[in-house]
Amino acid sequence: MKEKEQRVAVLVDVGNMYHSARALHNARVNYREVLKAVVDGRKLIRANAYVIRSHSQEEEGFFEALEKSGFYLKFKDLQIFPGGVKKGDWDVGICIDAIRMSSRIDVIILVTGDGDFEPLVEYLQNQGVQVEVAAFRESASHKLLEKADVFVDLSSDVKRFTIPIR
């Protein structure tokens with residue numbers, strides 16, 4: 001249930017959302033619209049966007065746009081292992097931040113479809129925190145969506161929540 005007095009934190013798994021938007025809709029996520037939709041007039045306490053820095057030229061403009069959209073950016077460098085395997089993920093960092101915030105927040109909104117967050121959702125709910133998930137239904141974990149108190153399907157309004165890639 002959404003109430004105007006709720007204190008809200010939004011945690012965005014940028015990598016997950018990037019890949020989902022690109023694969024499903026050949027688009028980028030419109031983070032400004034996502035933030036507006038999920039907060040929905042409630043008291044926004046914190047909006048974190050978790051990004052992987054690969055040190056490419058295009059990413060600086062993207063990072064600036066995220067900040068202008070109201071997000072605090074948390075950075076991690078892309079790891080490149082021998083043999084060329086690349087890894088960049090924020091799952092543990094997002095979980096730690098959500099747990100740290102849980103005593104000061106009424107609602108945590110996870111913007112991700114990653115099923116690895118299912119145990120986090122259960123933990124937060126057991127602490128009395130409402131957990132909402134925003135993601136593209138087609139690429140989101142069904143178990144994650146079942147566990148969430150509220151689910152916002154970003155595919156329900158692709159024109160609003162994405163920006164076509166040119």
# chains A, B, ... in the order shown; residues from 1 in each chain; ligands from 1

$ residues_around --residues "segment 28-36 of chain A" --least-positions-apart "2" --cutoff "10 Å" --atoms "only C-alpha atoms" --output "PyMOL selection string"
chain A and resi 10-12+14+17-23+25-26+38-42+44+47+49+65-71+109+111+134-135+152+154+158-165

$ residues_around --residues "Glu122 of chain A" --least-positions-apart "6" --cutoff "9 Å" --atoms "only C-alpha atoms" --output "list in words"
Val131, Lys147 and Ala148 of chain A

$ select_by_dssp --residues "segment 1-158 of chain A" --states "strand (DSSP E or B)" --output "MDAnalysis selection string"
chainID A and resid 7:13 27:29 43:53 72:77 79:80 86:87 107:111 130:135 150:153

$ write_last_selection --atoms "C-alpha atoms" --output "compact mmCIF listing (two decimals), in the first residue's frame"
# COMPACT_ATOMS: atom_id res chain seq x y z
CA ARG A 7 9.93 7.40 3.59
CA VAL A 8 11.31 5.83 0.42
CA ALA A 9 14.73 4.70 -0.79
CA VAL A 10 15.29 3.71 -4.42
CA LEU A 11 18.19 1.39 -5.28
CA VAL A 12 18.90 0.91 -9.00
CA ASP A 13 20.89 -2.01 -10.38
CA ALA A 27 16.47 1.19 -25.77
CA ARG A 28 17.99 2.83 -22.72
CA VAL A 29 16.14 3.29 -19.44
CA LYS A 43 9.08 11.23 0.66
CA LEU A 44 12.25 10.32 -1.23
CA ILE A 45 15.07 9.90 1.30
CA ARG A 46 17.69 8.38 -0.99
CA ALA A 47 18.04 7.34 -4.63
CA ASN A 48 21.19 5.34 -5.38
CA ALA A 49 22.28 4.21 -8.83
CA TYR A 50 24.91 1.47 -8.75
CA VAL A 51 27.17 1.73 -11.80
CA ILE A 52 30.18 -0.06 -13.19
CA ARG A 53 32.90 2.19 -14.55
CA TYR A 72 23.52 9.53 -6.03
CA LEU A 73 26.01 7.40 -7.95
CA LYS A 74 27.95 4.55 -6.42
CA PHE A 75 30.87 3.39 -8.55
CA LYS A 76 32.76 0.16 -8.98
CA ASP A 77 35.41 -0.50 -11.61
CA GLN A 79 37.03 -6.24 -13.29
CA ILE A 80 38.88 -7.92 -16.14
CA LYS A 86 34.77 -9.28 -17.43
CA LYS A 87 32.75 -8.90 -14.27
CA VAL A 107 9.81 1.43 1.67
CA ILE A 108 12.78 0.18 -0.31
CA ILE A 109 12.30 0.09 -4.06
CA LEU A 110 14.63 -2.20 -5.94
CA VAL A 111 14.92 -1.30 -9.61
CA GLN A 130 7.75 -2.67 2.43
CA VAL A 131 9.67 -3.81 -0.65
CA GLU A 132 8.71 -2.75 -4.14
CA VAL A 133 10.34 -3.90 -7.36
CA ALA A 134 10.42 -2.06 -10.68
CA ALA A 135 11.65 -3.98 -13.72
CA VAL A 150 4.38 -4.00 -5.15
CA PHE A 151 5.64 -4.57 -8.69
CA VAL A 152 5.96 -1.80 -11.27
CA ASP A 153 6.21 -3.26 -14.77

$ select_by_dssp --residues "segment 26-148 of chain A" --states "helix (DSSP H, G or I)" --output "number ranges by chain"
A: 31-39, 57-68, 91-101, 115-126, 137-139, 142-147

$ atom_distance --atom1 "atom CA of Glu59 of chain A" --atom2 "atom CA of Glu138 of chain A"
26.2 Å

$ closest_residue --among "A:Trp90, A:Phe63, A:Tyr123, A:Phe117" --to "His142 of chain A" --atoms "only C-alpha atoms"
A:Phe117

$ atom_distance --atom1 "atom CA of Phe136 of chain A" --atom2 "atom CA of Leu24 of chain A"
8.3 Å

$ atom_distance --atom1 "atom CA of Glu64 of chain A" --atom2 "atom CA of Ile94 of chain A"
20.7 Å
